[in-house]
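A.B. asks: File name protein38.txt; file contents compact mmCIF, C-alpha atoms; full text below.
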# COMPACT_ATOMS: atom_id res chain seq x y z
CA MET A 1 135.46 181.68 89.62
CA VAL A 2 138.51 180.83 91.65
CA THR A 3 140.46 183.45 89.71
CA LEU A 4 137.91 186.18 90.48
CA LEU A 5 138.01 185.33 94.16
CA ALA A 6 141.77 185.51 94.04
CA PHE A 7 141.70 188.98 92.42
CA ALA A 8 139.24 190.22 95.06
CA ALA A 9 141.48 188.95 97.83
CA VAL A 10 144.49 190.65 96.24
CA GLY A 11 142.60 193.98 95.97
CA LEU A 12 141.58 193.90 99.62
CA SER A 13 145.09 193.05 100.72
CA ALA A 14 146.51 195.89 98.64
CA SER A 15 144.15 198.40 100.21
CA ALA A 16 145.13 197.23 103.63
CA ALA A 17 148.78 197.55 102.71
CA PHE A 18 148.46 201.23 101.84
CA ASN A 19 146.57 201.86 105.10
CA THR A 20 143.73 203.36 103.18
CA VAL A 21 140.20 202.42 104.16
CA PRO A 22 137.94 202.89 101.14
CA SER A 23 134.50 204.29 101.63
CA PHE A 24 131.39 202.31 101.04
CA VAL A 25 130.80 204.05 97.74
CA ASP A 26 134.31 203.36 96.63
CA ALA A 27 134.06 199.70 97.74
CA ALA A 28 130.63 199.08 96.21
CA PRO A 29 131.89 197.96 92.81
CA LEU A 30 134.35 195.63 94.45
CA LEU A 31 131.69 194.19 96.74
CA SER A 32 129.29 193.78 93.84
CA ALA A 33 131.93 191.94 91.91
CA ALA A 34 132.61 189.69 94.91
CA ALA A 35 128.88 189.01 95.40
CA LEU A 36 128.56 188.20 91.74
CA ILE A 37 131.53 185.92 91.96
CA ILE A 38 130.07 184.20 95.03
CA ALA A 39 126.66 183.84 93.36
CA ILE A 40 128.22 182.38 90.26
CA ALA A 41 130.29 180.00 92.40
CA GLY A 42 127.18 178.94 94.39
CA TRP A 43 125.20 178.43 91.23
CA ARG A 44 127.97 176.28 89.78
CA LEU A 45 128.11 174.23 92.94
CA LEU A 46 124.35 173.84 93.02
CA HIS A 47 124.27 172.91 89.35
CA ARG A 48 126.94 170.31 89.94
CA GLN A 49 124.99 168.85 92.89
CA LEU A 50 121.81 168.79 90.83
CA LEU A 51 123.58 167.03 88.01
CA LEU A 52 124.99 164.48 90.46
CA ARG A 53 121.56 163.98 92.04
CA MET A 54 119.95 163.53 88.64
CA ARG A 55 122.59 161.02 87.63
CA GLU A 56 122.06 159.14 90.91
CA ASP A 57 118.31 159.17 90.43
CA VAL A 58 118.68 157.80 86.93
CA ALA A 59 121.06 155.12 88.16
CA LEU A 60 118.71 154.33 91.02
CA ARG A 61 115.73 154.05 88.70
CA ASP A 62 117.77 151.87 86.37
CA ARG A 63 118.87 149.69 89.28
CA VAL A 64 115.32 149.39 90.58
CA ARG A 65 114.10 148.51 87.10
CA ARG A 66 116.75 145.83 86.74
CA LEU A 67 115.94 144.43 90.18
CA HIS A 68 112.22 144.41 89.36
CA ASP A 69 112.87 142.67 86.05
CA ALA A 70 115.12 140.14 87.76
CA MET A 71 112.52 139.55 90.43
CA GLN A 72 109.69 139.05 87.95
CA SER A 73 111.73 136.76 85.69
CA ASN A 74 113.10 134.66 88.54
CA VAL A 75 111.96 131.04 88.56
CA ASP A 76 111.90 131.09 92.36
CA GLY A 77 108.94 132.61 94.14
CA MET A 78 109.83 135.98 95.68
CA PHE A 79 107.74 137.98 98.14
CA LEU A 80 108.39 141.39 99.70
CA LEU A 81 106.50 141.57 102.98
CA ARG A 82 105.82 144.73 104.94
CA ALA A 83 105.29 144.40 108.69
CA VAL A 84 101.94 145.64 109.96
CA HIS A 85 102.27 147.26 113.40
CA THR A 86 99.78 148.37 116.01
CA ALA A 87 99.89 151.78 117.67
CA ALA A 88 102.07 150.27 120.39
CA GLY A 89 104.53 148.91 117.79
CA GLU A 90 103.51 145.25 118.01
CA ILE A 91 103.60 143.23 114.77
CA ILE A 92 100.16 141.79 114.04
CA ASP A 93 100.58 140.65 110.43
CA PHE A 94 102.62 140.94 107.23
CA GLU A 95 101.34 142.60 104.07
CA ILE A 96 102.45 141.46 100.60
CA ALA A 97 104.05 144.58 99.12
CA ASP A 98 105.32 142.86 95.96
CA VAL A 99 105.44 139.36 94.49
CA ASN A 100 106.66 137.88 91.23
CA ARG A 101 104.73 135.62 88.90
CA SER A 102 106.40 132.44 90.16
CA GLY A 103 105.50 133.24 93.74
CA ALA A 104 101.90 133.98 92.83
CA ALA A 105 101.67 130.73 90.83
CA THR A 106 103.00 128.83 93.86
CA LEU A 107 99.88 129.93 95.76
CA TYR A 108 97.57 129.27 92.77
CA ARG A 109 96.98 133.06 92.40
CA THR A 110 97.98 135.94 90.16
CA ARG A 111 100.19 138.87 91.12
CA GLU A 112 97.27 141.28 91.12
CA GLN A 113 95.29 139.03 93.46
CA LEU A 114 98.07 138.96 96.08
CA LEU A 115 99.29 142.57 96.13
CA GLY A 116 98.16 144.31 99.29
CA ARG A 117 96.85 141.17 100.96
CA ARG A 118 98.07 139.84 104.29
CA ILE A 119 99.54 136.39 104.80
CA ARG A 120 96.79 135.37 107.22
CA GLU A 121 94.32 135.94 104.37
CA ALA A 122 96.35 134.48 101.53
CA LEU A 123 97.47 131.28 103.28
CA PRO A 124 95.64 128.53 105.20
CA SER A 125 95.38 129.07 108.94
CA PRO A 126 97.89 126.41 110.20
CA MET A 127 100.54 127.39 107.66
CA ALA A 128 99.96 131.15 108.15
CA ALA A 129 100.24 130.85 111.95
CA MET A 130 103.49 128.88 111.66
CA LEU A 131 105.06 131.34 109.20
CA PHE A 132 103.92 134.36 111.23
CA GLU A 133 105.76 133.10 114.35
CA ARG A 134 108.94 132.44 112.40
CA TYR A 135 108.83 135.81 110.65
CA VAL A 136 108.35 137.69 113.93
CA ASP A 137 111.35 135.85 115.40
CA ALA A 138 113.40 136.70 112.31
CA ILE A 139 112.62 140.43 112.60
CA THR A 140 113.08 140.50 116.36
CA LEU A 141 116.38 138.62 116.36
CA ARG A 142 117.52 140.00 112.97
CA THR A 143 118.33 136.49 111.74
CA ALA A 144 117.43 134.82 108.47
CA VAL A 145 115.16 131.78 108.22
CA VAL A 146 116.52 128.98 106.01
CA GLU A 147 114.65 125.65 105.97
CA GLU A 148 112.86 123.01 103.94
CA LEU A 149 109.12 122.74 104.53
CA ARG A 150 106.69 119.91 103.86
CA VAL A 151 103.54 121.70 102.69
CA ASP A 152 99.99 120.80 101.75
CA ARG A 153 99.68 120.48 98.00
CA ARG A 154 96.07 121.67 98.11
CA ALA A 155 97.25 125.12 99.25
CA VAL A 156 100.69 125.26 97.62
CA ALA A 157 101.73 124.02 94.18
CA ALA A 158 104.50 121.85 95.65
CA SER A 159 105.10 119.10 98.18
CA TRP A 160 108.41 120.41 99.53
CA LEU A 161 109.59 124.04 99.57
CA PHE A 162 113.02 125.54 100.18
CA HIS A 163 112.02 128.55 102.28
CA GLN A 164 114.25 131.55 103.00
CA ALA A 165 113.24 134.80 104.76
CA ALA A 166 115.70 137.67 105.32
CA PRO A 167 114.77 140.76 107.38
CA THR A 168 114.70 144.12 105.59
CA ALA A 169 114.19 147.74 106.78
CA ASP A 170 110.41 147.45 107.06
CA GLY A 171 109.69 143.75 106.72
CA LEU A 172 111.02 140.60 105.08
CA ALA A 173 112.27 139.39 101.72
CA VAL A 174 110.97 135.84 101.26
CA THR A 175 112.17 133.34 98.65
CA VAL A 176 110.54 129.95 98.02
CA ARG A 177 111.67 127.20 95.67
CA ASP A 178 109.96 123.96 94.67
CA VAL A 179 112.26 121.10 95.70
CA SER A 180 109.70 118.31 95.50
CA THR A 181 111.58 116.41 92.78
CA ARG A 182 114.86 116.57 94.68
CA LYS A 183 113.21 115.44 97.91
CA ARG A 184 111.55 112.52 96.12
CA ASP A 185 114.90 111.52 94.67
CA GLU A 186 116.51 111.79 98.10
CA LEU A 187 113.77 109.71 99.69
CA ARG A 188 114.08 107.15 96.91
CA MET A 189 117.83 106.94 97.33
CA ARG A 190 117.51 106.75 101.10
CA LYS A 191 114.93 104.00 100.76
CA ALA A 192 117.19 102.14 98.36
CA CYS A 193 120.03 102.39 100.88
CA LEU A 194 117.87 101.25 103.80
CA THR A 195 115.65 98.59 102.20
CA ASP A 196 116.21 95.19 100.60
CA GLU A 197 115.59 95.20 96.87
CA LEU A 198 114.01 91.73 96.70
CA THR A 199 111.76 91.60 99.76
CA ARG A 200 111.15 95.37 100.20
CA LEU A 201 111.94 95.00 103.89
CA TYR A 202 114.59 96.98 105.75
CA ASN A 203 118.14 95.77 105.21
CA ARG A 204 120.79 95.56 107.91
CA ARG A 205 121.71 99.26 107.67
CA GLY A 206 118.08 100.32 107.86
CA PHE A 207 117.31 98.03 110.77
CA MET A 208 120.30 99.18 112.78
CA ALA A 209 119.39 102.86 112.31
CA LEU A 210 115.68 102.47 112.96
CA ALA A 211 115.98 99.98 115.83
CA GLU A 212 118.38 102.28 117.68
CA GLN A 213 115.81 105.09 117.61
CA HIS A 214 112.91 102.85 118.66
CA LEU A 215 114.85 101.28 121.53
CA ARG A 216 115.91 104.69 122.79
CA LEU A 217 112.29 105.81 122.78
CA ALA A 218 111.13 102.58 124.50
CA ARG A 219 113.72 103.00 127.26
CA ARG A 220 112.64 106.58 127.80
CA GLN A 221 108.98 105.49 128.10
CA GLY A 222 109.83 102.50 130.35
CA LYS A 223 108.47 99.84 127.96
CA ASP A 224 109.78 96.38 127.13
CA SER A 225 110.74 95.25 123.65
CA VAL A 226 111.65 91.95 122.01
CA VAL A 227 114.31 91.29 119.37
CA MET A 228 113.57 88.16 117.31
CA TYR A 229 115.98 86.41 114.94
CA VAL A 230 114.43 84.19 112.22
CA ASP A 231 116.38 81.69 110.12
CA MET A 232 115.02 79.59 107.23
CA ASP A 233 115.82 75.88 107.47
CA ASP A 234 117.21 73.95 104.48
CA PHE A 235 117.26 77.03 102.27
CA LYS A 236 120.42 75.85 100.48
CA GLN A 237 118.74 72.58 99.56
CA LEU A 238 115.83 74.51 98.07
CA ASN A 239 118.21 76.54 95.91
CA ASP A 240 120.24 73.49 94.87
CA ARG A 241 117.24 71.32 93.97
CA HIS A 242 114.82 73.80 92.44
CA GLY A 243 116.95 76.77 91.41
CA HIS A 244 117.47 80.31 92.65
CA ALA A 245 114.13 81.46 91.24
CA ALA A 246 112.37 79.17 93.70
CA GLY A 247 114.66 80.48 96.45
CA ASP A 248 113.69 84.07 95.62
CA ARG A 249 110.01 83.15 95.75
CA ALA A 250 110.57 81.54 99.14
CA LEU A 251 112.30 84.66 100.47
CA MET A 252 109.46 86.88 99.25
CA ALA A 253 106.90 84.50 100.78
CA VAL A 254 108.68 84.57 104.15
CA SER A 255 108.86 88.36 104.06
CA ARG A 256 105.11 88.55 103.44
CA LEU A 257 104.45 86.10 106.28
CA LEU A 258 106.59 88.08 108.72
CA ARG A 259 105.08 91.42 107.69
CA SER A 260 101.51 90.10 108.03
CA THR A 261 102.23 88.44 111.39
CA VAL A 262 103.53 91.46 113.30
CA ARG A 263 102.03 94.92 113.85
CA ASP A 264 102.59 97.96 111.69
CA CYS A 265 104.67 99.64 114.38
CA ASP A 266 107.10 96.69 114.57
CA VAL A 267 110.29 96.68 112.50
CA VAL A 268 110.95 93.75 110.15
CA ALA A 269 114.22 93.42 108.22
CA ARG A 270 116.19 90.98 106.12
CA MET A 271 119.67 90.80 107.55
CA GLY A 272 121.08 88.92 104.59
CA GLY A 273 120.69 85.52 102.91
CA ASP A 274 117.94 83.56 104.66
CA GLU A 275 118.11 85.48 107.96
CA PHE A 276 115.43 87.90 109.13
CA THR A 277 114.92 89.91 112.29
CA ILE A 278 111.97 91.54 114.07
CA LEU A 279 111.87 94.31 116.66
CA ALA A 280 108.53 94.00 118.49
CA LEU A 281 107.80 97.18 120.42
CA ASP A 282 105.88 97.20 123.71
CA ALA A 283 106.10 93.39 123.95
CA ASP A 284 107.45 90.86 126.45
CA VAL A 285 108.22 87.12 126.34
CA MET A 286 104.53 86.22 126.11
CA GLY A 287 104.13 88.59 123.21
CA ALA A 288 107.11 86.99 121.46
CA ARG A 289 105.59 83.53 121.93
CA ALA A 290 102.27 84.77 120.54
CA ILE A 291 104.07 86.13 117.47
CA GLN A 292 105.91 82.84 117.04
CA LYS A 293 102.66 80.86 117.32
CA ARG A 294 100.92 83.02 114.72
CA LEU A 295 103.92 82.64 112.46
CA GLU A 296 103.81 78.85 112.75
CA GLU A 297 100.09 78.81 111.96
CA ARG A 298 100.48 81.03 108.91
CA LEU A 299 103.47 78.98 107.76
CA ALA A 300 101.44 75.75 108.02
CA LEU A 301 98.67 77.31 105.90
CA PHE A 302 101.22 78.46 103.34
CA ASN A 303 102.81 75.01 103.11
CA ALA A 304 99.37 73.47 102.66
CA SER A 305 98.76 75.70 99.64
CA GLY A 306 101.62 74.03 97.74
CA GLU A 307 102.90 77.29 96.28
CA LEU A 308 106.53 76.18 96.56
CA PRO A 309 108.00 72.84 95.43
CA MET A 310 109.01 71.97 99.00
CA PRO A 311 107.61 73.07 102.39
CA LEU A 312 109.24 75.89 104.31
CA SER A 313 110.55 75.66 107.85
CA MET A 314 111.90 78.37 110.14
CA THR A 315 113.69 78.58 113.49
CA VAL A 316 113.10 81.58 115.76
CA GLY A 317 115.20 82.89 118.62
CA HIS A 318 114.18 85.91 120.70
CA THR A 319 115.53 87.98 123.56
CA ARG A 320 113.73 90.41 125.83
CA VAL A 321 114.90 94.03 126.14
CA ARG A 322 113.99 95.66 129.43
CA PRO A 323 114.11 99.45 129.94
CA SER A 324 117.15 99.01 132.16
CA ASP A 325 118.99 97.01 129.47
CA THR A 326 121.67 99.24 127.94
CA SER A 327 122.86 96.73 125.32
CA SER A 328 123.35 97.99 121.81
CA VAL A 329 121.43 96.67 118.83
CA SER A 330 124.39 94.54 117.73
CA GLU A 331 124.62 92.93 121.17
CA LEU A 332 120.87 92.20 121.20
CA LEU A 333 121.08 90.61 117.76
CA ALA A 334 124.01 88.46 118.90
CA ARG A 335 122.00 87.24 121.92
CA ALA A 336 118.99 86.36 119.79
CA ASP A 337 121.24 84.63 117.25
CA GLN A 338 122.82 82.46 119.95
CA LEU A 339 119.38 81.39 121.20
CA LEU A 340 118.32 80.61 117.63
CA TYR A 341 121.27 78.33 116.95
CA ALA A 342 120.89 76.66 120.35
CA ARG A 343 117.31 75.80 119.44
CA LYS A 344 118.39 74.62 116.01
CA ARG A 345 121.06 72.32 117.54
CA ARG A 346 118.49 70.85 119.94
CA ARG A 347 116.18 70.15 117.04
CA GLN A 348 118.98 68.46 115.07
CA MET A 349 119.93 66.35 118.10
CA THR A 350 116.30 65.31 118.56
CA LYS A 351 116.03 64.27 114.91
CA ALA A 352 119.29 62.30 115.13
CA ALA A 353 118.12 60.48 118.29
CA GLU A 354 114.82 59.56 116.66
CA SER A 355 116.66 58.29 113.59
CA ARG A 356 118.96 56.08 115.71
CA GLN A 357 115.97 54.76 117.64
CA ARG A 358 114.27 53.75 114.40
CA GLU A 359 117.44 51.98 113.26
CA LEU A 360 117.78 50.03 116.52
CA THR A 361 114.12 49.00 116.69
CA PRO A 362 113.58 45.71 114.67
CA GLN A 363 111.20 46.01 111.81
CA ARG A 364 108.12 43.88 112.41
CA GLU A 365 106.37 42.34 109.45
CA PRO A 366 102.75 43.28 109.23
CA GLN A 367 100.44 40.50 110.42
CA ARG A 368 98.42 38.93 107.68
CA GLU A 369 94.85 37.96 108.18
CA PRO A 370 94.20 34.19 107.90
CA GLN A 371 92.67 33.20 104.60
CA ARG A 372 89.21 31.83 104.89
CA GLU A 373 88.56 28.43 103.27
CA PRO A 374 85.62 28.20 100.90
CA ARG A 375 82.48 26.79 102.42
CA ARG A 376 81.89 23.16 101.49
CA THR A 377 78.59 21.46 101.08
CA PRO A 378 78.36 18.49 103.45
CA GLN A 379 78.36 15.08 101.74
CA LEU A 380 75.64 12.70 102.84
CA ALA A 381 76.47 9.06 103.25
CA PRO A 382 74.89 6.71 100.63
CA VAL A 383 71.75 4.90 101.69
CA PRO A 384 71.49 1.20 100.72
CA ILE A 385 68.62 0.38 98.24
CA PRO A 386 66.78 -2.91 98.37
CA ALA A 387 67.40 -5.27 95.44
CA ASP A 388 63.76 -5.41 94.37
CA VAL A 389 63.48 -1.59 94.23
CA ALA A 390 66.58 -1.43 92.07
CA ALA A 391 65.21 -4.07 89.68
CA ILE A 392 61.93 -2.18 89.32
CA ALA A 393 63.83 1.06 88.56
CA ARG A 394 65.85 -0.62 85.80
CA ALA A 395 62.80 -2.10 84.23
CA ALA A 396 60.98 1.25 84.24
CA ALA A 397 63.94 3.00 82.65
CA MET A 398 64.16 0.48 79.86
CA ALA A 399 60.45 0.70 79.21
CA LEU A 400 60.46 4.49 78.63
CA PRO A 401 61.32 5.59 75.06
CA ASN A 402 64.27 7.88 74.20
CA VAL A 403 65.81 7.36 77.57
CA ALA A 404 69.34 6.08 77.68
CA PRO A 405 70.12 3.47 80.27
CA PRO A 406 72.17 4.65 83.18
CA MET A 407 75.91 4.74 82.65
CA SER A 408 76.68 3.76 86.15
CA GLY A 409 75.08 2.07 89.07
CA THR A 410 74.41 5.33 90.98
CA LEU A 411 71.38 7.54 91.07
CA THR A 412 71.82 11.30 90.97
CA ALA A 413 69.41 12.87 93.38
CA MET A 414 69.58 16.40 91.81
CA THR A 415 68.08 15.15 88.50
CA PRO A 416 64.36 15.72 88.25
CA PRO A 417 62.59 12.38 88.72
CA ILE A 418 60.27 12.92 85.70
CA LEU A 419 63.03 13.48 83.13
CA ASN A 420 65.46 11.03 84.65
CA PRO A 421 63.74 8.10 86.34
CA LEU A 422 65.56 6.29 89.03
CA PRO A 423 68.03 3.93 87.39
CA ALA A 424 69.22 0.72 88.84
CA VAL A 425 72.16 1.22 91.13
CA ALA A 426 74.32 -1.38 92.62
CA GLY A 427 72.31 -1.63 95.74
CA THR A 428 72.72 2.05 96.84
CA PHE A 429 70.62 5.25 96.75
CA LEU A 430 71.90 8.82 97.26
CA PRO A 431 69.12 10.96 98.70
CA THR A 432 68.82 14.71 98.09
CA LYS A 433 69.39 17.40 100.75
CA ALA A 434 65.67 18.00 100.96
CA ALA A 435 65.15 14.27 101.65
I'd like the structure from this file rewritten - as structure tokens, please.
C.D. replies:
Amino acid sequence: MVTLLAFAAVGLSASAAFNTVPSFVDAAPLLSAAALIIAIAGWRLLHRQLLLRMREDVALRDRVRRLHDAMQSNVDGMFLLRAVHTAAGEIIDFEIADVNRSGAATLYRTREQLLGRRIREALPSPMAAMLFERYVDAITLRTAVVEELRVDRRAVAASWLFHQAAPTADGLAVTVRDVSTRKRDELRMRKACLTDELTRLYNRRGFMALAEQHLRLARRQGKDSVVMYVDMDDFKQLNDRHGHAAGDRALMAVSRLLRSTVRDCDVVARMGGDEFTILALDADVMGARAIQKRLEERLALFNASGELPMPLSMTVGHTRVRPSDTSSVSELLARADQLLYARKRRRQMTKAAESRQRELTPQREPQREPQREPRRTPQLAPVPIPADVAAIARAAAMALPNVAPPMSGTLTAMTPPILNPLPAVAGTFLPTKAA
């Protein structure tokens, strides 16, 4: 084709060189040949463009097929949303143009059930309203949405979703992924880092992080708070005498007592060893004393139960935190700790003074009650008996058969007179009490 065009150009230039202007009849074959050449060249160009377009269409269909296969086989939920506009151009909803099987299963539906539906129909009202606002912002600002959402498991087959929405030409491309297992592991690890393994209370790291937030909120609201420091007395003796198992039971018992004494909004932590701390929110000094009184009552009831081999005792120190107090959590704990040990020293000094007083006071022997002497029967003085009466008594005794004569010269008054007649006595007679 290029060669034919070149020959035609050479023929025209040759005619111009000889200054001969051919007639139309003479130039007709040449013009026909040029038109044919141009037609052939145009057809070749058009054929080439058609071939290129067909190849591009095939490649495009192949690319679309691969993208569709990848979308349907993806384990993540994928949604293609088309924006629904009003006549004025305002976005009123988003229509689900396409969705893969994973995405449909996330909403407890099938792909056929979701195609063509709008998100306000397919999702619960609170969740649909929240997503609609974020999607409109993403399209308006042309920015992607990347976040982790806590969702209702009754509407979505997950507890936590990794949610990503990227704006497209006519809507959004949304990707969701179930990250519930990872979030549970993260929460478990965070809880392990912030809680004490034995007592299940917050540890020092957890208390410092949580107390800082609560105190900042209390200062902003203009409310008082109280930081209490609790120390177990004679805990080392309990471990030494009864073993570490008994010490662990004592620590768990104290943690239960502290948790049941304060409110749910208060923060209770084990700072280490036998030391505990409490952050009582919206409380003053009177509130701290009320907490301490309840703790003492519950501790007395626990000691009365005899659950541990020896009774427990605790010392409490507390400091008030006013809204104008800008001290850090470490400084507040140091203040409460100083008050605790001051109270513990006063208690030790009181016990030592009482012990010295007992040593100086002489021990008095207990007074014995006087022994009572046995009651004696009064002895009556002997009554003299006339000689003739005594002679008659001897004669009567000798006259009776089977009666032995008296061994002595006395008469026993307790003997019945019929069985033992009055014997002769040496001039005396002992009367009975009745006589």
A.B. asks: Under the rule that only C-alpha atoms are counted, which of A:Asp98, A:Arg63, A:Ser324, A:Ala336 is the nearest residue to A:Arg220?
C.D. replies: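 The shortest atom-to-atom distance to A:Arg220 comes from A:Ser324.
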A.B. asks: Find the spatial neighbours of stretch 259-263 of chain A, counting only C-alpha atoms, within a cut-off of 9 Å - ignore same-chain residues fewer than 6 positions away - and output them as a ChimeraX atom specification.
C.D. replies: /A:201,278,280,291-292,294-295,298
A.B. asks: Can you measure atom CA of A:Asn239 to atom CA of A:Thr199 for me? One decimal in Å is fine.
C.D. replies: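 Going from atom CA of A:Asn239 over to atom CA of A:Thr199, I get 16.8 Å.
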A.B. asks: What is the distance between atom CA of A:Leu114 and atom CA of A:Gly171, in Å to one decimal?
C.D. replies: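 If I compute the distance from atom CA of A:Leu114 to atom CA of A:Gly171, I get 16.5 Å.
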A.B. asks: Just to confirm, what's the straight-line distance from atom CA of A:Asp264 to atom CA of A:Leu281 in Å (one decimal)?
C.D. replies: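 Going from atom CA of A:Asp264 over to atom CA of A:Leu281, I get 10.2 Å.
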A.B. asks: Which is closer to A:Gly243 than all the others in A:Ser313, A:Leu308, A:Thr361, A:Leu217, using only C-alpha atoms?
C.D. replies: A:Leu308
A.B. asks: Kindly indicate which residue among A:Val176, A:Ala166, A:Leu187, A:Val151 lies nearest to A:Val136, using all atoms listed in the file for the distances.
C.D. replies: A:Ala166
A.B. asks: Neighbours of A:Val268 within 8 Å (all atoms listed in the file; same-chain residues fewer than 2 positions away dropped), as a list in words?
C.D. replies: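 That gives Leu201, Tyr202, Phe207, Leu258, Arg259, Asp266, Arg270, Phe276, Thr277, Ile278 and Leu279 of chain A.
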A.B. asks: Pick out the closest residue to A:Leu340 from this set: A:Gly103, A:Gly317, A:Gly77, A:Pro323. Count only C-alpha atoms.
C.D. replies: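 Of the candidates, the smallest distance to A:Leu340 is held by A:Gly317.
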A.B. asks: Using 3 Å of padding on each side, determine the axis-aligned box around all atoms of stretch 212-227 of chain A present in the file and give its centre and edge lengths in Å to one decimal, as JSON.
C.D. replies:
{"center_x": 113.4, "center_y": 98.9, "center_z": 124.0, "size_x": 15.9, "size_y": 21.3, "size_z": 18.7}
A.B. asks: I want to know what sits within 12 Å of A:Ala70, based on only C-alpha atoms, with residues of the same chain fewer than 6 positions away left out; could you give that as a list of chain:residue names?
C.D. replies: A:Arg63, A:Val64, A:Asp76, A:Gly77, A:Met78, A:Val99, A:Asn100, A:Arg101, A:Ser102
A.B. asks: Select, from A:His68, A:Arg142, A:Arg347, A:Arg256, the residue with the minimum atom-to-atom distance to A:Pro167, counting only C-alpha atoms.
C.D. replies: A:Arg142
A.B. asks: Counting all atoms listed in the file, which residue out of A:Leu123, A:Leu339, A:Ala104, A:Ile91 sits closest to A:Thr140?
C.D. replies: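 Of A:Leu123, A:Leu339, A:Ala104, A:Ile91, the one nearest A:Thr140, counting all atoms listed in the file, is A:Ile91.
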